[in-house]
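Here the structure is laid out as structure tokens; the discussion comes afterwards.
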Amino acid sequence: MGWKAAEKLIRHWKILRGDNVMIIRGKDKGETGTIKRVIRSQNRVIVEGKNLIKKHIKGGPDHEGGIFTVEAPLHASNVQVVDPVTGRPCKVGVKYLEDGTKVRVARGTGTSGSIIPRPDILKIRATPRPTTAGPKDTPMEFVWEQTYDAKTGKGMPDL
């Protein structure tokens with residue numbers, strides 16, 4: 001990727017995987033769907049069941065070839081998040097609540113200004129965190145061992 005293309009990348013993404021969006025340009029204009037994948041390096045998103053194309057795949061020794069229907073990526077500027085109250089496309093703004101939590105809100109004319117919730121699919125980890133200690137993990141008795149005392153200066157290296 002050249003430096004000109006890198007300049008045009010979206011820096012602050014407001015569309016997340018699992019968002020309910022409406023396609024505002026293209027052959028599926030006016031249809032709504034869920035974001036299946038976000039490709040940040042290309043400023044593109046894949047909407048579930050939309051922008052379908054025919055893909056010709058050559059057969060091989062381990063798989064069968066043929067013509068398959070797949071979802072093609074859409075440019076991020078061609079989709080807008082749907083307002084959860086009105087059901088119309090809207091811009092996404094950021095707001096901080098009284099307790100300091102950051103939330104996304106619906107912006108623009110004809111929108112409700114309501115909070116757009118984070119999709120539940122983002123809470124699911126692709127690879128779960130390990131529950132047992134592995135061979136490279138530090139044992140807990142070494143983690144809790146106090147090696148420095150600020151009052152006496154014990155444990156301070158001689159520089």
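To be explicit about the labels: the chains of the structure tokens are called A, B, and onward in the order shown, and within each one the residues are counted from 1, while ligands get numbers from 1 in the order they are shown.
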Kindly provide the residues of range 7-58 of chain A that approach range 86-104 of chain A to within 8 Å, each paired with its closest atom pair and their distance in Å to one decimal, based on only C-alpha atoms, listed by chain and increasing number, as a Markdown table.
```
| residue | atom | partner | partner_atom | distance |
| --- | --- | --- | --- | --- |
| A:Lys14 | CA | A:Val92 | CA | 6.4 |
| A:Val21 | CA | A:Pro89 | CA | 7.3 |
| A:Met22 | CA | A:Pro89 | CA | 6.1 |
```
Practice task
Excluding Val70 in chain A and residues on its chain fewer than 5 positions from it, collect all residues at most 8 Å away from it, counting only C-alpha atoms, and give them as a PyMOL selection string.
Solution key: chain A and resi 52-55
Output file for the selection above: N, CA, C and O atoms, as a short mmCIF file (atom, residue, chain, number, x, y, z; two decimals), in the first residue's frame:
```
data_model
loop_
_atom_site.label_atom_id
_atom_site.label_comp_id
_atom_site.auth_asym_id
_atom_site.auth_seq_id
_atom_site.Cartn_x
_atom_site.Cartn_y
_atom_site.Cartn_z
N LEU A 52 -24.28 -9.87 -3.13
CA LEU A 52 -23.90 -11.23 -3.55
C LEU A 52 -23.36 -11.22 -4.97
O LEU A 52 -23.92 -10.57 -5.86
N ILE A 53 -22.26 -11.95 -5.18
CA ILE A 53 -21.67 -12.09 -6.51
C ILE A 53 -21.42 -13.57 -6.77
O ILE A 53 -21.41 -14.38 -5.85
N LYS A 54 -21.26 -13.91 -8.05
CA LYS A 54 -20.94 -15.28 -8.44
C LYS A 54 -19.43 -15.42 -8.53
O LYS A 54 -18.76 -14.60 -9.16
N LYS A 55 -18.89 -16.43 -7.87
CA LYS A 55 -17.45 -16.66 -7.86
C LYS A 55 -17.17 -18.00 -8.53
O LYS A 55 -17.73 -19.02 -8.13
#
```
Problem - Contact residues around Ile39 in chain A with only C-alpha atoms at 12 Å, ignoring same-chain residues under 4 positions, as a list in words - result: Leu9, Ile10, Trp13, Ile15, Leu16, Arg17, Ile35, Asn43, Arg44, Val45, Ile46, Val47, Ala72, Pro73, Leu74, His75 and Ala76 of chain A
Could those selected residues go to a file with all heavy atoms, as a tab-separated table (two decimals), in the first residue's frame?
```tsv
chain	number	residue	atom	x	y	z
A	9	LEU	N	-7.21	5.95	4.66
A	9	LEU	CA	-7.80	4.97	5.56
A	9	LEU	C	-8.59	5.68	6.65
A	9	LEU	O	-8.20	6.74	7.13
A	9	LEU	CB	-6.72	4.10	6.21
A	9	LEU	CG	-6.04	3.09	5.31
A	9	LEU	CD1	-4.97	2.34	6.08
A	9	LEU	CD2	-7.04	2.12	4.73
A	10	ILE	N	-9.69	5.06	7.05
A	10	ILE	CA	-10.52	5.61	8.12
A	10	ILE	C	-9.78	5.42	9.43
A	10	ILE	O	-9.39	4.30	9.79
A	10	ILE	CB	-11.90	4.92	8.16
A	10	ILE	CG1	-12.65	5.17	6.86
A	10	ILE	CG2	-12.72	5.40	9.35
A	10	ILE	CD1	-13.92	4.37	6.71
A	13	TRP	N	-13.09	4.34	13.38
A	13	TRP	CA	-14.20	3.56	12.87
A	13	TRP	C	-15.40	3.68	13.80
A	13	TRP	O	-15.28	3.53	15.01
A	13	TRP	CB	-13.81	2.10	12.73
A	13	TRP	CG	-13.06	1.84	11.48
A	13	TRP	CD1	-11.75	2.11	11.24
A	13	TRP	CD2	-13.58	1.31	10.27
A	13	TRP	NE1	-11.42	1.76	9.96
A	13	TRP	CE2	-12.53	1.25	9.34
A	13	TRP	CE3	-14.83	0.86	9.88
A	13	TRP	CZ2	-12.69	0.78	8.05
A	13	TRP	CZ3	-14.99	0.37	8.60
A	13	TRP	CH2	-13.94	0.34	7.70
A	15	ILE	N	-18.35	2.05	12.68
A	15	ILE	CA	-19.12	0.86	12.33
A	15	ILE	C	-18.38	-0.34	12.91
A	15	ILE	O	-17.20	-0.52	12.67
A	15	ILE	CB	-19.27	0.72	10.80
A	15	ILE	CG1	-20.01	1.93	10.24
A	15	ILE	CG2	-19.98	-0.55	10.44
A	15	ILE	CD1	-20.06	1.97	8.73
A	16	LEU	N	-19.10	-1.18	13.67
A	16	LEU	CA	-18.49	-2.32	14.33
A	16	LEU	C	-19.11	-3.62	13.80
A	16	LEU	O	-20.22	-3.62	13.28
A	16	LEU	CB	-18.71	-2.25	15.84
A	16	LEU	CG	-18.18	-1.01	16.54
A	16	LEU	CD1	-18.63	-1.00	17.98
A	16	LEU	CD2	-16.68	-0.95	16.45
A	17	ARG	N	-18.37	-4.71	13.96
A	17	ARG	CA	-18.89	-6.02	13.58
A	17	ARG	C	-20.12	-6.33	14.43
A	17	ARG	O	-20.11	-6.18	15.65
A	17	ARG	CB	-17.81	-7.08	13.82
A	17	ARG	CG	-18.22	-8.48	13.49
A	17	ARG	CD	-17.04	-9.42	13.57
A	17	ARG	NE	-16.25	-9.25	14.78
A	17	ARG	CZ	-16.31	-10.10	15.80
A	17	ARG	NH1	-17.09	-11.15	15.77
A	17	ARG	NH2	-15.56	-9.88	16.87
A	35	ILE	N	-23.44	-6.46	9.96
A	35	ILE	CA	-22.03	-6.49	9.56
A	35	ILE	C	-21.42	-7.82	9.99
A	35	ILE	O	-21.45	-8.19	11.15
A	35	ILE	CB	-21.25	-5.32	10.21
A	35	ILE	CG1	-21.78	-3.98	9.75
A	35	ILE	CG2	-19.75	-5.45	9.92
A	35	ILE	CD1	-21.41	-3.58	8.36
A	43	ASN	N	-10.91	-0.17	4.09
A	43	ASN	CA	-12.09	0.66	4.35
A	43	ASN	C	-13.37	-0.03	3.88
A	43	ASN	O	-14.29	0.61	3.37
A	43	ASN	CB	-12.00	2.04	3.67
A	43	ASN	CG	-11.02	2.95	4.34
A	43	ASN	OD1	-10.58	2.70	5.45
A	43	ASN	ND2	-10.66	4.03	3.68
A	44	ARG	N	-13.45	-1.34	4.04
A	44	ARG	CA	-14.59	-2.08	3.53
A	44	ARG	C	-15.23	-2.93	4.62
A	44	ARG	O	-14.58	-3.29	5.61
A	44	ARG	CB	-14.18	-2.96	2.36
A	44	ARG	CG	-13.76	-2.13	1.17
A	44	ARG	CD	-13.47	-2.95	-0.04
A	44	ARG	NE	-13.13	-2.08	-1.15
A	44	ARG	CZ	-14.01	-1.59	-2.01
A	44	ARG	NH1	-15.28	-1.89	-1.89
A	44	ARG	NH2	-13.63	-0.80	-2.98
A	45	VAL	N	-16.52	-3.25	4.41
A	45	VAL	CA	-17.26	-4.12	5.33
A	45	VAL	C	-17.99	-5.17	4.51
A	45	VAL	O	-18.30	-4.96	3.34
A	45	VAL	CB	-18.27	-3.33	6.19
A	45	VAL	CG1	-17.56	-2.37	7.12
A	45	VAL	CG2	-19.27	-2.60	5.33
A	46	ILE	N	-18.27	-6.32	5.14
A	46	ILE	CA	-19.07	-7.36	4.50
A	46	ILE	C	-20.37	-7.44	5.27
A	46	ILE	O	-20.37	-7.65	6.49
A	46	ILE	CB	-18.33	-8.72	4.50
A	46	ILE	CG1	-17.07	-8.61	3.64
A	46	ILE	CG2	-19.24	-9.82	3.99
A	46	ILE	CD1	-16.22	-9.86	3.62
A	47	VAL	N	-21.49	-7.24	4.55
A	47	VAL	CA	-22.82	-7.30	5.15
A	47	VAL	C	-23.41	-8.67	4.87
A	47	VAL	O	-23.35	-9.17	3.74
A	47	VAL	CB	-23.73	-6.18	4.58
A	47	VAL	CG1	-25.08	-6.20	5.25
A	47	VAL	CG2	-23.09	-4.82	4.75
A	72	ALA	N	-19.67	-10.00	-1.37
A	72	ALA	CA	-18.53	-9.15	-1.71
A	72	ALA	C	-18.47	-7.98	-0.73
A	72	ALA	O	-19.49	-7.55	-0.20
A	72	ALA	CB	-18.68	-8.62	-3.14
A	73	PRO	N	-17.28	-7.45	-0.47
A	73	PRO	CA	-17.16	-6.31	0.44
A	73	PRO	C	-17.75	-5.04	-0.16
A	73	PRO	O	-17.71	-4.83	-1.36
A	73	PRO	CB	-15.65	-6.15	0.64
A	73	PRO	CG	-15.02	-7.36	0.10
A	73	PRO	CD	-15.96	-7.95	-0.88
A	74	LEU	N	-18.31	-4.20	0.72
A	74	LEU	CA	-18.82	-2.88	0.35
A	74	LEU	C	-17.92	-1.83	0.97
A	74	LEU	O	-17.36	-2.06	2.05
A	74	LEU	CB	-20.23	-2.68	0.91
A	74	LEU	CG	-21.38	-3.41	0.24
A	74	LEU	CD1	-22.56	-3.47	1.18
A	74	LEU	CD2	-21.75	-2.69	-1.03
A	75	HIS	N	-17.80	-0.67	0.33
A	75	HIS	CA	-17.03	0.40	0.94
A	75	HIS	C	-17.79	0.92	2.16
A	75	HIS	O	-19.03	0.96	2.17
A	75	HIS	CB	-16.80	1.54	-0.05
A	75	HIS	CG	-15.70	2.46	0.37
A	75	HIS	ND1	-15.94	3.57	1.14
A	75	HIS	CD2	-14.36	2.42	0.16
A	75	HIS	CE1	-14.79	4.19	1.38
A	75	HIS	NE2	-13.82	3.51	0.79
A	76	ALA	N	-17.07	1.30	3.19
A	76	ALA	CA	-17.69	1.72	4.45
A	76	ALA	C	-18.55	2.96	4.28
A	76	ALA	O	-19.48	3.18	5.06
A	76	ALA	CB	-16.61	1.97	5.50
```
Practice task
Assign secondary structure with DSSP using the backbone only, and return the residues of range 26-142 of chain A in strand (DSSP E or B) as a PyMOL selection string.
Solution key: chain A and resi 32-39+44-47+52-57+66-71+74-75+79-82+89-96+102-107+115-116
Fill in the blank from the handout: What separates CA of Pro119 in chain A and CA of Asp19 in chain A is a distance of 6.1 Å
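Every protein or nucleic acid residue with an atom no more than 10 Å from His56 in chain A, counting only C-alpha atoms and leaving out same-chain residues fewer than 6 positions away, appears here: Gly65, Gly66, Ile67, Phe68 and Thr69 of chain A.
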Problem - Contacts of Gly155 in chain A within 12 Å, only C-alpha atoms, excl. fewer than 5 positions in-chain, as a list in words - result: Glu145, Gln146, Thr147, Tyr148, Asp149 and Ala150 of chain A
